[in-house]
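The data block below is final_14.cif; it holds mmCIF, C-alpha atoms.
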data_upload
loop_
_atom_site.label_atom_id
_atom_site.label_comp_id
_atom_site.auth_asym_id
_atom_site.auth_seq_id
_atom_site.Cartn_x
_atom_site.Cartn_y
_atom_site.Cartn_z
CA MET F 7 85.02 16.43 7.56
CA THR F 8 81.50 17.80 7.72
CA THR F 9 80.87 21.52 7.94
CA PRO F 10 79.38 22.54 11.32
CA THR F 11 75.83 23.82 11.20
CA VAL F 12 75.00 27.42 12.04
CA ARG F 13 73.37 26.25 15.27
CA ALA F 14 76.51 24.33 16.24
CA LEU F 15 78.77 27.27 15.47
CA ALA F 16 76.53 29.60 17.46
CA GLU F 17 76.49 27.26 20.45
CA ARG F 18 80.29 26.97 20.40
CA THR F 19 80.74 30.73 20.67
CA PRO F 20 82.90 31.47 23.73
CA ASP F 21 81.56 33.87 26.31
CA THR F 22 84.56 36.14 25.73
CA ARG F 23 83.65 36.85 22.09
CA ASP F 24 82.43 40.35 21.36
CA ARG F 25 79.27 39.50 19.46
CA TYR F 26 78.38 43.14 18.87
CA VAL F 27 81.40 43.46 16.57
CA ASP F 28 80.08 40.59 14.44
CA LEU F 29 76.70 42.31 14.29
CA LEU F 30 78.36 45.54 13.14
CA ARG F 31 80.25 43.69 10.40
CA VAL F 32 77.06 42.15 9.02
CA ALA F 33 74.96 45.28 9.42
CA SER F 34 77.51 47.53 7.69
CA LEU F 35 77.85 45.28 4.64
CA ALA F 36 74.08 44.80 4.47
CA THR F 37 73.61 48.58 4.52
CA VAL F 38 76.13 49.01 1.69
CA VAL F 39 74.37 46.37 -0.41
CA ALA F 40 70.92 47.88 0.18
CA GLY F 41 72.28 51.35 -0.54
CA HIS F 42 73.72 50.25 -3.89
CA TRP F 43 70.45 48.60 -4.83
CA LEU F 44 68.46 51.70 -3.98
CA MET F 45 70.80 54.32 -5.44
CA ALA F 46 71.31 52.66 -8.84
CA ALA F 47 68.84 54.10 -11.33
CA VAL F 48 68.88 52.49 -14.77
CA THR F 49 67.08 54.02 -17.75
CA ALA F 50 66.82 52.82 -21.34
CA THR F 51 67.98 54.90 -24.29
CA GLY F 52 67.35 54.57 -27.98
CA GLY F 53 68.93 51.67 -29.84
CA GLY F 54 68.92 49.26 -26.91
CA GLY F 55 71.36 51.22 -24.77
CA VAL F 56 71.03 51.93 -21.06
CA VAL F 57 72.28 54.64 -18.75
CA VAL F 58 73.04 54.15 -15.06
CA THR F 59 72.84 57.16 -12.80
CA ASN F 60 72.74 57.75 -9.06
CA LEU F 61 69.44 58.48 -7.34
CA LEU F 62 71.25 60.97 -5.10
CA ALA F 63 72.22 62.99 -8.18
CA VAL F 64 68.62 62.97 -9.38
CA VAL F 65 67.26 63.99 -5.96
CA PRO F 66 70.05 66.02 -4.28
CA ALA F 67 67.97 66.49 -1.12
CA LEU F 68 68.54 62.80 -0.36
CA GLN F 69 72.30 63.29 -0.11
CA MET F 70 71.98 64.11 3.58
CA LEU F 71 70.98 60.48 4.14
CA THR F 72 74.56 59.47 3.35
CA TRP F 73 75.55 60.88 6.75
CA LEU F 74 73.71 57.91 8.22
CA LEU F 75 73.96 55.30 5.49
CA GLN F 76 77.58 55.63 4.33
CA VAL F 77 78.73 53.00 6.81
CA MET F 78 81.89 51.68 5.15
CA PRO F 79 83.96 53.34 7.93
CA VAL F 80 82.21 51.04 10.41
CA PHE F 81 83.37 47.97 8.51
CA PHE F 82 86.98 49.18 8.48
CA PHE F 83 86.71 50.05 12.19
CA VAL F 84 85.56 46.49 12.88
CA GLY F 85 88.43 45.28 10.71
CA GLY F 86 90.94 47.03 12.94
CA PHE F 87 89.42 45.43 16.02
CA SER F 88 89.55 41.96 14.46
CA HIS F 89 93.04 42.36 13.02
CA GLU F 90 94.49 43.34 16.38
CA LEU F 91 92.98 40.36 18.18
CA SER F 92 94.00 37.96 15.41
CA TYR F 93 97.60 39.16 15.22
CA ARG F 94 98.10 39.19 18.97
CA SER F 95 96.63 35.72 19.24
CA ALA F 96 99.04 34.41 16.63
CA ALA F 97 101.97 36.12 18.34
CA ARG F 98 101.06 34.55 21.69
CA ARG F 99 100.81 31.08 20.22
CA HIS F 100 104.07 31.33 18.28
CA PRO F 101 106.23 34.01 19.89
CA ARG F 102 109.41 32.93 18.09
CA ARG F 103 108.01 32.10 14.69
CA ALA F 104 107.29 34.27 11.65
CA VAL F 105 103.62 34.90 12.33
CA TYR F 106 103.16 37.56 9.64
CA ALA F 107 102.68 35.07 6.79
CA ALA F 108 100.31 32.93 8.84
CA PHE F 109 98.37 36.00 9.98
CA LEU F 110 97.92 37.21 6.41
CA ARG F 111 96.87 33.81 5.10
CA GLY F 112 94.37 33.37 7.91
CA ARG F 113 92.86 36.84 7.50
CA LEU F 114 92.77 36.81 3.71
CA GLN F 115 91.47 33.33 2.93
CA ARG F 116 87.81 34.15 3.42
CA LEU F 117 88.33 37.44 1.61
CA LEU F 118 90.38 36.42 -1.42
CA ARG F 119 89.02 32.99 -2.26
CA PRO F 120 85.48 34.24 -3.04
CA THR F 121 86.98 37.33 -4.69
CA LEU F 122 89.15 35.28 -7.03
CA VAL F 123 86.20 33.07 -7.97
CA PHE F 124 84.17 36.21 -8.73
CA VAL F 125 86.99 37.60 -10.87
CA LEU F 126 87.50 34.36 -12.79
CA VAL F 127 83.79 33.82 -13.44
CA TRP F 128 83.24 37.37 -14.64
CA GLY F 129 86.47 37.30 -16.64
CA ALA F 130 85.30 34.19 -18.48
CA LEU F 131 81.87 35.73 -19.08
CA ALA F 132 83.44 38.94 -20.38
CA LEU F 133 85.65 37.07 -22.81
CA GLY F 134 82.70 35.03 -24.04
CA VAL F 135 80.59 38.14 -24.57
CA GLN F 136 83.33 39.90 -26.48
CA VAL F 137 84.17 36.90 -28.66
CA LEU F 138 80.49 36.67 -29.61
CA GLY F 139 80.42 40.37 -30.43
CA GLY F 140 78.19 41.42 -27.52
CA GLY F 141 78.75 43.97 -24.82
CA GLY F 142 75.91 46.41 -25.36
CA GLY F 143 72.94 47.34 -23.20
CA VAL F 144 72.82 46.08 -19.63
CA THR F 145 75.58 43.56 -20.38
CA GLY F 146 78.00 46.35 -21.27
CA VAL F 147 77.04 48.28 -18.15
CA ALA F 148 77.58 45.18 -16.04
CA LEU F 149 81.03 44.61 -17.52
CA ARG F 150 81.97 48.12 -16.43
CA LEU F 151 80.26 48.30 -13.05
CA VAL F 152 80.34 44.93 -11.28
CA ALA F 153 84.06 45.24 -10.51
CA GLN F 154 83.84 48.72 -8.97
CA PRO F 155 83.15 47.54 -5.38
CA LEU F 156 86.47 45.67 -5.48
CA TRP F 157 88.16 48.88 -4.30
CA PHE F 158 86.89 47.94 -0.85
CA ILE F 159 88.73 44.60 -1.05
CA GLY F 160 91.95 46.39 -2.01
CA VAL F 161 91.73 48.81 0.91
CA TYR F 162 90.99 45.97 3.32
CA LEU F 163 94.02 44.06 2.03
CA ALA F 164 96.19 47.11 2.71
CA MET F 165 94.82 47.32 6.25
CA ALA F 166 95.72 43.70 6.92
CA ALA F 167 99.19 44.19 5.43
CA PHE F 168 99.90 47.24 7.61
CA THR F 169 98.48 45.79 10.82
CA PRO F 170 101.84 44.79 12.45
CA PRO F 171 103.61 48.18 12.14
CA LEU F 172 100.49 50.20 12.94
CA LEU F 173 99.77 47.95 15.91
CA LYS F 174 103.26 48.70 17.23
CA LEU F 175 102.59 52.41 16.89
CA HIS F 176 99.32 51.95 18.74
CA GLU F 177 100.99 50.02 21.55
CA ARG F 178 103.60 52.75 22.00
CA HIS F 179 101.53 55.87 21.46
CA GLY F 180 97.83 54.97 21.76
CA TRP F 181 95.63 57.89 20.73
CA ALA F 182 98.68 59.81 19.51
CA ALA F 183 99.21 57.27 16.71
CA PHE F 184 95.63 57.83 15.59
CA ALA F 185 96.10 61.60 15.85
CA GLY F 186 99.17 61.36 13.64
CA LEU F 187 97.15 59.71 10.87
CA VAL F 188 94.43 62.37 11.22
CA ALA F 189 97.07 65.10 10.98
CA ALA F 190 98.51 63.44 7.87
CA ALA F 191 95.05 63.33 6.28
CA ALA F 192 94.48 67.00 7.11
CA ALA F 193 97.89 67.98 5.72
CA THR F 194 97.14 66.07 2.53
CA ASP F 195 93.93 68.02 2.01
CA VAL F 196 95.74 71.30 2.65
CA LEU F 197 98.31 70.41 0.00
CA ARG F 198 95.51 69.36 -2.34
CA PHE F 199 93.06 72.24 -1.97
CA ALA F 200 95.14 75.17 -0.74
CA LEU F 201 98.40 74.57 -2.59
CA ALA F 202 97.09 72.54 -5.56
CA VAL F 203 99.86 69.94 -5.31
CA PRO F 204 99.09 67.39 -8.04
CA PHE F 205 98.28 63.78 -7.18
CA VAL F 206 98.85 64.28 -3.44
CA GLU F 207 95.17 63.54 -2.75
CA PHE F 208 95.71 59.84 -3.38
CA LEU F 209 97.72 59.59 -0.15
CA ASN F 210 94.43 59.85 1.71
CA PHE F 211 93.41 56.42 0.50
CA ALA F 212 95.95 55.34 3.12
CA PHE F 213 95.73 58.05 5.79
CA VAL F 214 91.92 58.27 6.04
CA TRP F 215 91.11 54.56 6.00
CA LEU F 216 94.07 53.58 8.19
CA ALA F 217 92.98 56.18 10.75
CA VAL F 218 89.53 54.55 10.92
CA HIS F 219 91.26 51.16 11.14
CA GLN F 220 93.37 52.50 14.03
CA LEU F 221 90.17 53.26 15.95
CA GLY F 222 89.55 49.51 15.93
CA PHE F 223 92.83 49.00 17.82
CA LEU F 224 91.72 51.58 20.39
CA ARG F 225 88.38 49.85 20.74
CA ALA F 226 90.02 46.43 21.23
CA ASP F 227 92.06 47.83 24.13
CA GLY F 228 89.08 49.57 25.74
CA MET F 229 90.44 53.04 25.05
CA ILE F 230 87.28 54.56 23.52
CA ARG F 231 85.80 55.63 26.84
CA ARG F 232 83.81 58.67 25.69
CA PRO F 233 82.06 57.70 22.47
CA ALA F 234 79.66 60.64 22.75
CA VAL F 235 82.60 63.05 22.56
CA LEU F 236 83.99 61.18 19.55
CA ALA F 237 80.61 61.25 17.78
CA ALA F 238 80.02 64.94 18.53
CA ALA F 239 83.51 65.95 17.43
CA GLY F 240 83.22 63.98 14.20
CA LEU F 241 79.77 65.30 13.36
CA ALA F 242 80.76 68.89 14.11
CA GLY F 243 83.98 68.56 12.13
CA ALA F 244 82.22 67.11 9.10
CA ALA F 245 79.50 69.79 9.23
CA LEU F 246 82.04 72.64 9.44
CA LEU F 247 84.19 71.23 6.63
CA VAL F 248 81.20 70.83 4.33
CA ALA F 249 79.75 74.23 5.23
CA PHE F 250 82.95 76.25 4.88
CA GLY F 251 85.38 74.06 2.93
CA PRO F 252 85.59 72.62 -0.57
CA TYR F 253 83.84 69.40 0.42
CA PRO F 254 80.52 68.21 -1.06
CA LEU F 255 77.52 67.29 1.07
CA SER F 256 77.34 63.67 -0.05
CA MET F 257 79.55 61.13 1.70
CA VAL F 258 79.43 58.90 -1.37
CA GLY F 259 80.68 59.75 -4.86
CA MET F 260 78.40 61.60 -7.27
CA PRO F 261 78.66 61.31 -11.07
CA GLY F 262 80.45 64.25 -12.64
CA GLU F 263 81.32 66.02 -9.39
CA ARG F 264 84.59 67.96 -9.25
CA VAL F 265 85.38 66.86 -5.70
CA SER F 266 84.35 63.58 -4.10
CA ASN F 267 84.53 62.73 -0.42
CA MET F 268 85.12 59.08 -1.35
CA ALA F 269 87.54 58.86 -4.24
CA PRO F 270 89.98 59.81 -2.94
CA PRO F 271 88.79 60.06 0.68
CA THR F 272 88.85 63.46 2.35
CA LEU F 273 89.19 64.84 5.85
CA ALA F 274 85.41 65.35 5.79
CA LEU F 275 84.91 61.62 5.27
CA LEU F 276 87.31 60.90 8.13
CA CYS F 277 85.24 63.14 10.41
CA HIS F 278 82.16 61.29 9.19
CA GLY F 279 83.89 58.05 10.20
CA LEU F 280 84.54 59.43 13.70
CA TRP F 281 80.87 60.32 14.03
CA LEU F 282 79.76 56.85 12.98
CA VAL F 283 82.23 55.05 15.24
CA GLY F 284 81.14 57.14 18.20
CA ALA F 285 77.49 56.46 17.35
CA VAL F 286 77.85 52.68 17.11
CA GLU F 287 79.85 52.65 20.35
CA LEU F 288 77.02 54.48 22.08
CA LEU F 289 74.77 51.60 20.99
CA ARG F 290 77.16 48.97 22.28
CA GLY F 291 75.08 48.04 25.34
CA PRO F 292 71.79 47.50 23.48
CA GLY F 293 73.68 45.72 20.70
CA ALA F 294 75.31 43.32 23.13
CA ARG F 295 71.96 42.51 24.72
CA LEU F 296 70.43 41.92 21.29
CA THR F 297 73.15 39.50 20.18
CA ALA F 298 72.88 37.62 23.48
CA ARG F 299 69.56 36.24 22.22
CA ALA F 300 70.09 32.81 20.71
CA ARG F 301 67.98 33.36 17.60
CA VAL F 302 69.58 36.72 16.83
CA TRP F 303 73.06 35.32 17.30
CA ARG F 304 72.36 32.38 14.97
CA THR F 305 71.23 34.90 12.34
CA VAL F 306 74.44 36.90 12.78
CA VAL F 307 76.57 33.76 12.53
CA ALA F 308 74.77 32.66 9.37
CA ALA F 309 75.08 36.12 7.78
CA ASN F 310 78.79 36.36 8.59
CA GLY F 311 79.34 33.08 6.77
CA ILE F 312 78.05 34.47 3.46
CA ALA F 313 78.61 38.24 3.81
CA MET F 314 81.57 38.54 1.44
CA THR F 315 79.96 36.37 -1.22
CA ALA F 316 76.77 38.42 -1.08
CA PHE F 317 78.75 41.66 -1.30
CA LEU F 318 80.67 40.49 -4.36
CA TRP F 319 77.59 39.36 -6.30
CA HIS F 320 74.94 41.89 -5.26
CA LEU F 321 75.48 44.23 -8.23
CA THR F 322 75.41 41.27 -10.60
CA ALA F 323 71.99 40.39 -9.22
CA LEU F 324 70.65 43.94 -9.49
CA LEU F 325 71.77 44.39 -13.09
CA ALA F 326 70.31 40.99 -13.92
CA VAL F 327 66.95 42.24 -12.61
CA TYR F 328 67.11 45.26 -14.93
CA GLY F 329 68.26 43.06 -17.81
CA ALA F 330 65.35 40.69 -17.29
CA ALA F 331 62.91 43.61 -17.22
CA LEU F 332 64.23 44.94 -20.53
CA ALA F 333 64.24 41.46 -22.08
CA ALA F 334 60.59 41.10 -21.09
CA GLY F 335 59.77 44.36 -22.86
CA LEU F 336 58.99 46.28 -19.68
CA ALA F 337 59.47 50.04 -19.72
CA LEU F 338 61.93 51.43 -17.18
CA PRO F 339 60.37 54.44 -15.41
CA ALA F 340 62.27 57.68 -14.98
CA PRO F 341 64.37 57.69 -11.77
CA ALA F 342 62.59 59.19 -8.76
CA SER F 343 59.23 59.26 -10.56
CA ALA F 344 56.15 57.90 -8.83
CA ALA F 345 56.33 54.72 -10.91
CA TRP F 346 60.01 54.33 -10.06
CA TRP F 347 59.38 54.59 -6.31
CA ALA F 348 56.44 52.20 -6.59
CA GLY F 349 58.73 49.61 -8.17
CA VAL F 350 61.43 49.84 -5.50
CA PRO F 351 60.07 47.01 -3.29
CA VAL F 352 59.77 44.67 -6.28
CA ARG F 353 63.28 45.47 -7.54
CA LEU F 354 64.84 45.05 -4.10
CA ALA F 355 63.02 41.77 -3.50
CA ALA F 356 64.05 40.41 -6.91
CA ALA F 357 67.67 41.48 -6.36
CA ALA F 358 67.65 39.83 -2.92
CA VAL F 359 66.32 36.56 -4.38
CA LEU F 360 68.91 36.51 -7.16
CA THR F 361 71.69 37.35 -4.70
CA ALA F 362 70.54 34.47 -2.50
CA LEU F 363 70.73 32.12 -5.49
CA LEU F 364 74.24 33.31 -6.34
CA VAL F 365 75.27 32.91 -2.71
CA ALA F 366 73.95 29.35 -2.74
CA VAL F 367 76.19 28.60 -5.73
CA PHE F 368 79.36 30.35 -4.54
CA ARG F 369 79.20 30.32 -0.73
CA ARG F 370 81.42 27.22 -0.51
CA PHE F 371 84.42 29.37 -1.42
CA GLU F 372 83.90 31.52 1.66
CA ARG F 373 84.12 28.63 4.09
CA PRO F 374 87.26 28.87 6.26
CA ALA F 375 89.98 26.35 5.48
CA PRO F 376 91.68 24.37 8.27
CA ALA F 377 94.49 26.27 9.96
CA GLY F 378 97.92 25.28 8.73
CA PRO F 379 101.26 25.25 10.54
CA VAL F 380 102.93 28.55 11.33
CA PRO F 381 105.70 29.10 8.78
CA PRO F 382 109.34 29.43 9.80
CA PRO F 383 111.21 32.73 9.76
CA GLY F 384 111.94 34.22 6.37
CA THR F 385 108.48 33.90 4.83
CA GLY F 386 107.29 37.35 5.90
CA PRO F 387 108.75 39.18 2.86
CA VAL F 388 107.13 36.66 0.51
CA ALA F 389 103.76 37.22 2.19
CA ALA F 390 104.26 41.00 2.02
CA ALA F 391 105.04 40.80 -1.70
CA GLY F 392 101.98 38.63 -2.24
CA VAL F 393 99.53 40.90 -0.45
CA THR F 394 100.98 43.92 -2.29
CA LEU F 395 100.37 42.25 -5.65
CA CYS F 396 96.86 41.29 -4.55
CA LEU F 397 95.84 44.76 -3.46
CA LEU F 398 97.31 46.39 -6.57
CA GLY F 399 95.61 43.85 -8.82
CA VAL F 400 92.24 44.20 -7.15
CA LEU F 401 92.40 48.01 -7.15
CA ALA F 402 93.37 48.03 -10.82
CA LEU F 403 90.50 45.70 -11.70
CA SER F 404 88.04 47.95 -9.84
CA MET F 405 89.10 50.73 -12.24
CA THR F 406 89.33 48.81 -15.51
CA GLY F 407 86.25 46.64 -15.11
CA PHE F 408 85.77 43.58 -17.31
CA GLY F 409 84.93 45.46 -20.49
CA GLY F 410 87.54 45.76 -23.22
CA LEU F 411 89.51 42.66 -22.23
CA LEU F 412 90.41 41.89 -25.83
CA GLU F 413 91.07 45.53 -26.72
CA GLY F 414 93.53 46.02 -23.87
CA ARG F 415 91.72 48.95 -22.27
CA THR F 416 93.83 50.41 -19.47
CA ALA F 417 93.47 52.39 -16.25
CA LEU F 418 96.15 54.36 -14.44
CA LEU F 419 97.29 52.77 -11.17
CA LEU F 420 99.95 54.83 -9.38
CA GLY F 421 100.68 56.49 -12.70
CA VAL F 422 101.19 53.17 -14.54
CA PRO F 423 98.75 51.95 -17.24
CA VAL F 424 97.30 48.57 -16.23
CA THR F 425 94.98 46.31 -18.24
CA ALA F 426 92.32 44.03 -16.79
CA PRO F 427 94.23 40.82 -17.72
CA ALA F 428 97.33 42.22 -15.98
CA ALA F 429 95.22 43.06 -12.93
CA VAL F 430 93.85 39.52 -12.80
CA ALA F 431 97.36 38.10 -13.19
CA MET F 432 98.67 40.26 -10.33
CA THR F 433 95.83 39.19 -8.05
CA LEU F 434 96.33 35.49 -8.78
CA ALA F 435 100.11 35.70 -8.41
CA GLY F 436 99.76 37.58 -5.15
CA TRP F 437 97.33 35.05 -3.73
CA LEU F 438 99.68 32.18 -4.66
CA LEU F 439 102.55 33.94 -2.89
CA VAL F 440 100.45 34.49 0.26
CA GLU F 441 99.38 30.84 0.21
CA ALA F 442 102.95 29.63 -0.38
CA ALA F 443 104.28 31.75 2.48
CA GLY F 444 101.48 30.70 4.81
CA ARG F 445 102.12 27.02 4.09
CA GLY F 446 105.89 27.33 4.30
CA GLY F 447 106.00 25.43 7.54
CA ALA F 448 104.44 22.39 5.91
CA THR F 449 106.73 22.37 2.88
CA ARG F 450 109.96 22.75 4.82
CA ARG F 451 109.47 19.90 7.25
#
Have the structure of the file written as structure tokens, please.
Amino acid sequence: MTTPTVRALAERTPDTRDRYVDLLRVASLATVVAGHWLMAAVTATGGGGVVVTNLLAVVPALQMLTWLLQVMPVFFFVGGFSHELSYRSAARRHPRRAVYAAFLRGRLQRLLRPTLVFVLVWGALALGVQVLGGGGGVTGVALRLVAQPLWFIGVYLAMAAFTPPLLKLHERHGWAAFAGLVAAAAATDVLRFALAVPFVEFLNFAFVWLAVHQLGFLRADGMIRRPAVLAAAGLAGAALLVAFGPYPLSMVGMPGERVSNMAPPTLALLCHGLWLVGAVELLRGPGARLTARARVWRTVVAANGIAMTAFLWHLTALLAVYGAALAAGLALPAPASAAWWAGVPVRLAAAAVLTALLVAVFRRFERPAPAGPVPPPGTGPVAAAGVTLCLLGVLALSMTGFGGLLEGRTALLLGVPVTAPAAVAMTLAGWLLVEAAGRGGATRR
């Protein structure tokens, strides 16, 4: 079968599709990619080494920009909207079948297939570098850093896994279910900052991001009727927490900071998410009119087809740009200097070109596979076990990176030391379980 062209896919779009949501998905990921490219500041040290720092740490005054540009909450909000529609559609088509496994397989295919290819390619490269005795300079930095954005994949996997129970809570309690998650996030921060309970802060990886995800359910059911109130409440809450609480100004992590709003997420970041969701909902009308234009919609469709691949490889491209500059003998200017700012357009353009080349090579793995039969009852637990292994493996790999594969370097995941090979093995095993559960209907006939 031939793959439909972008024009054909755009023309097939039903009138009932909310195109603005697709625009938000693309725009949020594009903003994250551009932000990473701009914030990364690489400098050379003696002996061929390099140091990577954050532009926001060099110029603290720029940290206020994160209140506009930290848009990951928007992506998770869109995820909640899409997950609700997808799960309900599956339940309507197969009301007496085990739809959980099919739902997970359908939602995760375009997420995990390009992710696994990325992991396997970088794993092979890392092994080759270490066998040859390399791993210094930009290569060593890349081995540590390119896996860090995988935390986002792990959180998104958790959101998909928890969609059925959280959707039931939403159907029964509406805004109260969302309020319960907000209260849990607030209580977690109280235990963390006021009572110094150890390790409790990691609960907010669930409470904060699932609360934002829950807003997507509310949006899908038309229950966000006063977005201006939501935006104002979120902005005021974030401002008060930062001004009078233990929360930093930046809504992204800063190197060496004692408290981060991102890792683990805080109540301040949740308020920031409310502000962003309210803001994008206020722009819903203009956004819908924009995506109604044929050319704009074709661009959105094309971007959605490669978004995950571009996200996975964008740091690889950026570090390759710096590596090429050093290999050519070019001096790397001090971050935030006049020469550094002058080189920003060139670096961004070069990173964009290299990312486009990588997308051209790996985009095939993001293409959706044909829908399979809905599996019979009993495959749900297998799918749940698979997605759990996947999210744990991906989260562990985001912490270990690809460096030290042969040395067995570990990172603590839920208090358990995990190596990069073990993380890769968990991810692969989990994906195979999700695939086996999702195809159960075909194998049992």
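For the file at hand, the PyMOL selection byres ((chain F and resi 229-246) around 7) resolves to Leu224, Arg225, Asp227, Gly228, Leu247, Val248, Ala249, Phe250, Ala274, Cys277, His278, Leu280, Trp281, Leu282, Val283, Gly284, Ala285, Glu287 and Leu288 of chain F.
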Residue nearest Pro351 (chain F) - candidates F:Leu62, F:Leu44, F:Leu149, F:Met78, atoms counted: all atoms listed in the file: F:Leu44
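Separating CA of Gly279 (chain F) from CA of Pro79 (chain F) is a distance of 5.2 Å.
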Any idea what's packed within 7 Å of region 364-368 of chain F, counting only C-alpha atoms, ignoring anything in its chain fewer than 2 positions away? Could you give it as a PDB file with C-alpha atoms, in the coordinates of the input?
ATOM      1  CA  ILE F 312      78.050  34.470   3.460  1.00  0.00           C
ATOM      2  CA  THR F 315      79.960  36.370  -1.220  1.00  0.00           C
ATOM      3  CA  ALA F 316      76.770  38.420  -1.080  1.00  0.00           C
ATOM      4  CA  TRP F 319      77.590  39.360  -6.300  1.00  0.00           C
ATOM      5  CA  LEU F 360      68.910  36.510  -7.160  1.00  0.00           C
ATOM      6  CA  THR F 361      71.690  37.350  -4.700  1.00  0.00           C
ATOM      7  CA  ALA F 362      70.540  34.470  -2.500  1.00  0.00           C
ATOM      8  CA  ARG F 370      81.420  27.220  -0.510  1.00  0.00           C
ATOM      9  CA  PHE F 371      84.420  29.370  -1.420  1.00  0.00           C
TER      10      PHE F 371
END
Test item: the PyMOL selection byres ((chain F and resi 30) around 10) resolved as a list in words: Arg25, Tyr26, Val27, Asp28, Leu29, Arg31, Val32, Ala33, Ser34, Leu35, Ala36, Val77, Val80, Phe81, Phe83, Val84, Val286, Arg290, Gly293 and Val306 of chain F
Could you state which residues are captured by the PyMOL selection byres ((chain F and resi 209) around 12) in this file, as a ChimeraX atom specification? /F:187,190-195,197-198,203-208,210-216,269-273,420
Any idea what's packed within 12 Å of Asp21 (chain F), counting all atoms listed in the file, ignoring anything in its chain fewer than 3 positions away? Could you give it as a PDB file with C-alpha atoms, keeping the file's coordinate frame?
ATOM      1  CA  ALA F  16      76.530  29.600  17.460  1.00  0.00           C
ATOM      2  CA  GLU F  17      76.490  27.260  20.450  1.00  0.00           C
ATOM      3  CA  ARG F  18      80.290  26.970  20.400  1.00  0.00           C
ATOM      4  CA  ASP F  24      82.430  40.350  21.360  1.00  0.00           C
ATOM      5  CA  ARG F  25      79.270  39.500  19.460  1.00  0.00           C
ATOM      6  CA  ALA F 294      75.310  43.320  23.130  1.00  0.00           C
ATOM      7  CA  THR F 297      73.150  39.500  20.180  1.00  0.00           C
ATOM      8  CA  ALA F 298      72.880  37.620  23.480  1.00  0.00           C
TER       9      ALA F 298
END
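Distances here use all atoms listed in the file; by that measure, the residue among F:Leu418, F:Gly139, F:Ser256, F:Val56 closest to Leu338 (chain F) is F:Val56.
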Counting all atoms listed in the file, the residue among F:Leu332, F:Leu324, F:Arg369, F:Phe184 that lies closest to Arg353 (chain F) is F:Leu324
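Here CA of Ala300 (chain F) is placed at a distance of 27.5 Å from CA of Gly112 (chain F).
Shortest separation to Leu61 (chain F) among F:Pro155, F:Gly85, F:Pro341, F:Gly392 occurs at residue F:Pro341, atoms counted being all atoms listed in the file.
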Which residue, F:Thr22, F:Thr121, F:Gln136, F:Thr72, has the smallest gap to Phe317 (chain F) when you use all atoms listed in the file? F:Thr121
For His179 (chain F), which of F:Gly335, F:Phe199, F:Phe223, F:Val152 is the closest residue, counting all atoms listed in the file? F:Phe223
